[in-house]
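Structure file input-v3.txt (compact mmCIF, C-alpha atoms and all ligand atoms) follows.
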```
# COMPACT_ATOMS: atom_id res chain seq x y z
CA MET J 1 33.68 52.99 -22.84
CA ARG J 2 33.78 52.53 -26.64
CA ASN J 3 32.00 55.11 -28.81
CA PRO J 4 29.28 55.99 -26.33
CA ALA J 5 25.99 57.80 -26.96
CA ILE J 6 23.55 59.02 -24.33
CA ILE J 7 19.91 58.25 -25.01
CA ILE J 8 17.35 60.14 -22.93
CA VAL J 9 14.02 58.35 -23.08
CA ASP J 10 10.65 60.08 -22.69
CA LEU J 11 11.64 62.89 -20.33
CA LEU J 12 8.53 64.66 -21.64
CA ASN J 13 6.02 66.90 -19.92
CA ASP J 14 3.24 64.32 -20.00
CA PHE J 15 5.40 61.77 -18.15
CA VAL J 16 6.76 64.19 -15.57
CA THR J 17 3.99 66.72 -14.90
CA GLY J 18 1.13 65.80 -17.25
CA GLU J 19 -1.18 62.94 -18.23
CA LEU J 20 1.01 60.07 -17.00
CA LYS J 21 2.85 62.05 -14.35
CA VAL J 22 4.89 60.22 -11.76
CA GLU J 23 6.37 62.06 -8.78
CA ARG J 24 9.40 59.74 -8.78
CA ALA J 25 10.55 61.26 -12.09
CA GLN J 26 11.63 64.42 -10.23
CA LYS J 27 14.60 62.58 -8.72
CA ILE J 28 16.29 61.82 -12.01
CA ILE J 29 16.16 65.32 -13.51
CA GLN J 30 19.29 66.73 -11.85
CA PRO J 31 21.46 63.65 -12.49
CA LEU J 32 20.37 63.58 -16.12
CA ARG J 33 21.17 67.27 -16.53
CA LYS J 34 24.68 66.53 -15.31
CA LEU J 35 24.94 63.54 -17.63
CA VAL J 36 23.92 65.39 -20.79
CA GLU J 37 26.06 68.41 -19.93
CA ALA J 38 29.11 66.19 -19.37
CA GLY J 39 28.30 64.32 -22.56
CA ARG J 40 28.18 67.48 -24.65
CA LYS J 41 31.40 68.73 -23.10
CA ASN J 42 33.21 65.47 -23.85
CA GLY J 43 31.95 64.93 -27.40
CA VAL J 44 29.46 62.20 -26.48
CA PRO J 45 26.35 62.46 -28.68
CA VAL J 46 23.11 63.15 -26.83
CA ILE J 47 20.00 61.62 -28.39
CA TYR J 48 16.44 62.20 -27.22
CA SER J 49 14.12 59.25 -27.83
CA ASN J 50 10.70 60.82 -27.54
CA ASP J 51 7.18 59.49 -27.69
CA ALA J 52 5.34 61.45 -30.40
CA HIS J 53 2.03 59.69 -30.71
CA TYR J 54 -0.82 59.84 -33.10
CA LYS J 55 -4.23 59.38 -31.48
CA MET J 56 -4.71 56.03 -33.21
CA ASP J 57 -1.44 54.51 -32.04
CA HIS J 58 -1.94 51.06 -30.59
CA GLU J 59 -0.61 51.84 -27.11
CA VAL J 60 -2.74 54.98 -26.93
CA VAL J 61 -5.95 53.20 -27.90
CA HIS J 62 -5.33 49.86 -26.21
CA LYS J 63 -3.29 50.66 -23.15
CA TRP J 64 -2.45 54.15 -21.86
CA GLY J 65 -4.96 56.57 -23.33
CA GLY J 66 -3.84 59.92 -24.76
CA HIS J 67 -0.28 60.91 -23.82
CA ALA J 68 2.63 62.63 -25.57
CA ILE J 69 0.48 63.39 -28.60
CA LYS J 70 2.69 64.73 -31.37
CA GLY J 71 2.65 68.51 -31.55
CA THR J 72 1.18 69.09 -28.07
CA PRO J 73 3.08 70.56 -25.07
CA GLY J 74 2.78 67.15 -23.38
CA ALA J 75 5.07 65.68 -26.03
CA GLU J 76 7.82 68.25 -25.45
CA VAL J 77 10.97 67.52 -23.46
CA ILE J 78 10.72 68.96 -19.92
CA PRO J 79 12.07 72.51 -19.57
CA GLN J 80 15.01 71.41 -17.38
CA LEU J 81 16.38 69.16 -20.13
CA VAL J 82 15.58 70.99 -23.33
CA PRO J 83 17.72 69.63 -26.21
CA LYS J 84 20.53 71.80 -27.54
CA LYS J 85 21.25 72.49 -31.20
CA GLU J 86 23.91 69.79 -31.37
CA ASP J 87 21.66 67.08 -29.88
CA PHE J 88 19.57 64.60 -31.84
CA ILE J 89 15.85 63.94 -31.51
CA VAL J 90 14.31 60.68 -32.68
CA GLU J 91 10.55 60.33 -32.38
CA LYS J 92 8.96 56.97 -31.60
CA ARG J 93 5.41 55.65 -31.48
CA THR J 94 5.78 52.83 -29.00
CA TYR J 95 8.09 51.61 -26.22
CA SER J 96 11.30 50.85 -28.09
CA GLY J 97 13.35 53.74 -29.43
CA PHE J 98 14.40 51.48 -32.32
CA TYR J 99 10.99 50.28 -33.49
CA GLU J 100 10.31 51.79 -36.92
CA THR J 101 12.40 54.89 -36.20
CA GLY J 102 15.60 56.41 -37.55
CA LEU J 103 17.60 55.58 -34.42
CA GLU J 104 19.65 52.75 -35.86
CA PRO J 105 20.92 54.60 -38.96
CA LEU J 106 21.69 57.59 -36.74
CA LEU J 107 23.79 55.46 -34.37
CA ARG J 108 25.64 53.90 -37.31
CA SER J 109 26.50 57.28 -38.79
CA LEU J 110 28.09 58.75 -35.64
CA TYR J 111 31.82 58.67 -34.81
CA GLN J 112 32.75 59.47 -38.41
CA GLY J 113 30.73 56.52 -39.64
CA ARG J 114 32.39 54.04 -37.28
CA GLY J 115 29.17 53.99 -35.30
CA VAL J 116 28.13 54.04 -31.68
CA LYS J 117 29.13 50.93 -29.68
CA THR J 118 27.89 51.76 -26.18
CA ILE J 119 24.43 53.03 -25.37
CA ILE J 120 23.92 54.90 -22.11
CA LEU J 121 20.26 55.02 -21.16
CA GLY J 122 18.43 57.43 -18.89
CA GLY J 123 14.78 58.40 -18.54
CA LEU J 124 11.42 56.67 -18.12
CA HIS J 125 10.35 53.98 -17.39
CA THR J 126 12.87 51.43 -16.21
CA HIS J 127 10.60 48.45 -16.92
CA ILE J 128 8.89 49.73 -20.08
CA CYS J 129 10.63 51.99 -22.59
CA ILE J 130 14.10 51.59 -21.10
CA ARG J 131 13.62 47.84 -21.11
CA HIS J 132 12.29 47.60 -24.66
CA THR J 133 14.91 49.97 -26.03
CA SER J 134 17.54 47.86 -24.26
CA ALA J 135 16.16 44.71 -25.85
CA ASP J 136 16.48 46.17 -29.33
CA ALA J 137 19.93 47.54 -28.51
CA PHE J 138 21.04 44.13 -27.30
CA PHE J 139 19.72 42.39 -30.42
CA ARG J 140 21.83 44.80 -32.47
CA GLY J 141 25.01 44.15 -30.52
CA TYR J 142 25.31 47.33 -28.49
CA LYS J 143 26.87 47.42 -25.05
CA ILE J 144 24.25 48.80 -22.64
CA VAL J 145 24.90 51.07 -19.68
CA ILE J 146 22.01 52.19 -17.48
CA ALA J 147 22.30 55.39 -15.42
CA ARG J 148 21.17 54.04 -12.05
CA ASP J 149 20.10 57.43 -10.70
CA GLY J 150 18.87 58.50 -14.14
CA VAL J 151 16.02 56.03 -14.68
CA GLU J 152 12.73 55.67 -12.83
CA ALA J 153 9.36 53.93 -12.98
CA PHE J 154 5.88 54.16 -11.48
CA THR J 155 6.85 52.32 -8.29
CA GLU J 156 9.95 51.27 -6.39
CA GLU J 157 9.09 47.68 -7.17
CA THR J 158 8.73 48.05 -10.95
CA HIS J 159 11.89 50.16 -10.99
CA CYS J 160 13.99 47.61 -9.06
CA GLU J 161 12.62 44.64 -11.01
CA GLY J 162 13.32 46.57 -14.18
CA LEU J 163 16.97 47.12 -13.25
CA GLU J 164 17.41 43.46 -12.27
CA TYR J 165 15.97 42.34 -15.60
CA LEU J 166 18.24 44.64 -17.59
CA LYS J 167 21.29 43.34 -15.79
CA GLU J 168 20.32 39.72 -16.02
CA VAL J 169 19.00 39.53 -19.57
CA TYR J 170 20.93 42.18 -21.50
CA ASN J 171 24.09 42.23 -19.39
CA ALA J 172 23.50 45.93 -18.82
CA GLU J 173 25.96 47.71 -16.59
CA ILE J 174 24.11 49.68 -13.94
CA LYS J 175 26.20 52.73 -13.04
CA ALA J 176 25.76 55.98 -11.17
CA VAL J 177 25.85 59.12 -13.31
CA VAL J 178 29.06 60.28 -11.58
CA GLU J 179 30.79 57.02 -12.52
CA ILE J 180 29.65 57.33 -16.13
CA ILE J 181 30.90 60.92 -16.32
CA ARG J 182 34.26 59.85 -14.90
CA GLU J 183 34.62 57.42 -17.82
CA PHE J 184 33.93 60.18 -20.37
CA LYS J 185 36.99 61.97 -19.08
CA LYS J 186 39.35 58.99 -19.24
CA PRO J 187 41.74 59.11 -22.18
CA LYS J 188 40.60 56.67 -24.88
ZN ZN A 1 3.71 56.14 -25.37
```

Using structure tokens, write down the structure from this file.
Ligand code: ZN
Amino acid sequence: MRNPAIIIVDLLNDFVTGELKVERAQKIIQPLRKLVEAGRKNGVPVIYSNDAHYKMDHEVVHKWGGHAIKGTPGAEVIPQLVPKKEDFIVEKRTYSGFYETGLEPLLRSLYQGRGVKTIILGGLHTHICIRHTSADAFFRGYKIVIARDGVEAFTEETHCEGLEYLKEVYNAEIKAVVEIIREFKKPK
């Protein structure tokens, strides 16, 4: 895996236990903990891509209602996955982690300026923010890896369709967290 970075998408209180809570999110917490811990241990940057909405944001007004409002507890990362000092946090105001955010310059500046090449995605939701972030990653030439047991959606159906789409359209590799961690440990 060339110059990987882990991006954890919207593992925020409102999506797990709050306004837009989905029970299925519980399943991915432990695998993602393992993933970020292994990442930190092996020098893989960990980036949190977090909704931090204003009340007038388009998707708040026209689609989902109030969720992950900047500055509220609902917009904080869940307690089980709290970012560490060495991690990066990039706020976003709609589905894609790239859209009008500092994510791209951050990725370019990592690995002593040689830049991230592989993006490992975990979080919520497979068919929404993971999908749109993958689209923007693909357009920019990144290799995309999806943590199979580290992404979820509202239903089994939207989750499975989401994975299929990522594989088919963005050539994403769908891998279990244990397989991804194994690759961190391989000599480069
Ligand atoms: Zn949102």

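Minimum atom-to-atom distance to Thr133 in chain J, evaluated using all atoms listed in the file, belongs to J:Leu166 out of J:Leu110, J:Met1, J:Ala68, J:Leu166.
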
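The interatomic distance for the pair CA of Thr118 in chain J and CA of Tyr95 in chain J works out to 19.8 Å.
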
Please measure the separation of CA of Glu164 in chain J and CA of Phe98 in chain J, giving the value in Å to one decimal.
21.8 Å

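Residues with at least one atom no more than 6 Å from (14.1, 55.0, -13.6), using only C-alpha atoms, are Leu124, His125, Thr126, Gly150, Val151, Glu152, Ala153 and His159 of chain J.
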
Selected residues, C-alpha atoms, written as a PDB file, in the coordinates of the input, please.
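Listed below is the output, again07.pdb:
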```pdb
ATOM      1  CA  LEU J 124      11.420  56.670 -18.120  1.00  0.00           C
ATOM      2  CA  HIS J 125      10.350  53.980 -17.390  1.00  0.00           C
ATOM      3  CA  THR J 126      12.870  51.430 -16.210  1.00  0.00           C
ATOM      4  CA  GLY J 150      18.870  58.500 -14.140  1.00  0.00           C
ATOM      5  CA  VAL J 151      16.020  56.030 -14.680  1.00  0.00           C
ATOM      6  CA  GLU J 152      12.730  55.670 -12.830  1.00  0.00           C
ATOM      7  CA  ALA J 153       9.360  53.930 -12.980  1.00  0.00           C
ATOM      8  CA  HIS J 159      11.890  50.160 -10.990  1.00  0.00           C
TER       9      HIS J 159
END
```

Within-9 Å residues of ligand ZN 1 (chain A), basis all atoms listed in the file, as a PyMOL selection string:
chain J and resi 10+50-53+57+59-60+64-69+92-95+129

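CA of Glu168 in chain J lies 23.9 Å from CA of Arg24 in chain J.
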
Excluding range 11-20 of chain J and residues on its chain fewer than 4 positions from it, collect all residues at most 7 Å away from it, counting all atoms listed in the file, and give them as a PyMOL selection string.
chain J and resi 25+67-68+73-78+123-124

Shell around Pro105 in chain J at 12 Å using only C-alpha atoms, local window under 4 positions removed, as a PDB file with C-alpha atoms, keeping the file's coordinate frame:
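Contents of out.pdb, freshly written:
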```pdb
ATOM      1  CA  VAL J  90      14.310  60.680 -32.680  1.00  0.00           C
ATOM      2  CA  PHE J  98      14.400  51.480 -32.320  1.00  0.00           C
ATOM      3  CA  GLU J 100      10.310  51.790 -36.920  1.00  0.00           C
ATOM      4  CA  THR J 101      12.400  54.890 -36.200  1.00  0.00           C
ATOM      5  CA  SER J 109      26.500  57.280 -38.790  1.00  0.00           C
ATOM      6  CA  LEU J 110      28.090  58.750 -35.640  1.00  0.00           C
ATOM      7  CA  GLY J 113      30.730  56.520 -39.640  1.00  0.00           C
ATOM      8  CA  ARG J 114      32.390  54.040 -37.280  1.00  0.00           C
ATOM      9  CA  GLY J 115      29.170  53.990 -35.300  1.00  0.00           C
ATOM     10  CA  VAL J 116      28.130  54.040 -31.680  1.00  0.00           C
ATOM     11  CA  ARG J 140      21.830  44.800 -32.470  1.00  0.00           C
TER      12      ARG J 140
END
```

Just checking: using only C-alpha atoms, which residue out of J:Gly97, J:Gly39, J:Pro31, J:Pro45 ends up closest to Ala135 in chain J?
J:Gly97

Which one is closest to Tyr142 in chain J: J:Lys175, J:Gln30, J:Thr72, J:Asn3? Count all atoms listed in the file.
J:Asn3

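Take the candidates J:Glu173, J:Glu86, J:Glu179, J:Glu91 and check each one against Ile144 in chain J using all atoms listed in the file; the shortest distance goes to J:Glu173.
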
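For the residues J:His127, J:Arg2, J:His132, J:Lys55, ranking by smallest atom-to-atom distance to Glu156 in chain J using only C-alpha atoms places J:His127 first.
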
All residues 12 Å or closer to Ala176 in chain J, only C-alpha atoms, same chain fewer than 4 positions away omitted, as a ChimeraX atom specification
/J:28,31-32,34-35,120-122,145-151,180-183

If I wrap all listed atoms of range 46-63 of chain J in a box with edges along x, y and z and add 3 Å on each side, what are its centre and edge lengths in Å to one decimal, as JSON?
```
{"center_x": 8.6, "center_y": 56.5, "center_z": -28.2, "size_x": 35.1, "size_y": 19.3, "size_z": 16.1}
```

Close residues, Gly43 in chain J itself excluded, 10 Å, all atoms listed in the file, min 2 positions apart in chain, as a compact mmCIF listing (two decimals) with C-alpha atoms, keeping the file's coordinate frame:
```
# COMPACT_ATOMS: atom_id res chain seq x y z
CA ASN J 3 32.00 55.11 -28.81
CA PRO J 4 29.28 55.99 -26.33
CA ALA J 5 25.99 57.80 -26.96
CA ALA J 38 29.11 66.19 -19.37
CA GLY J 39 28.30 64.32 -22.56
CA ARG J 40 28.18 67.48 -24.65
CA LYS J 41 31.40 68.73 -23.10
CA PRO J 45 26.35 62.46 -28.68
CA VAL J 46 23.11 63.15 -26.83
CA TYR J 111 31.82 58.67 -34.81
CA PHE J 184 33.93 60.18 -20.37
```
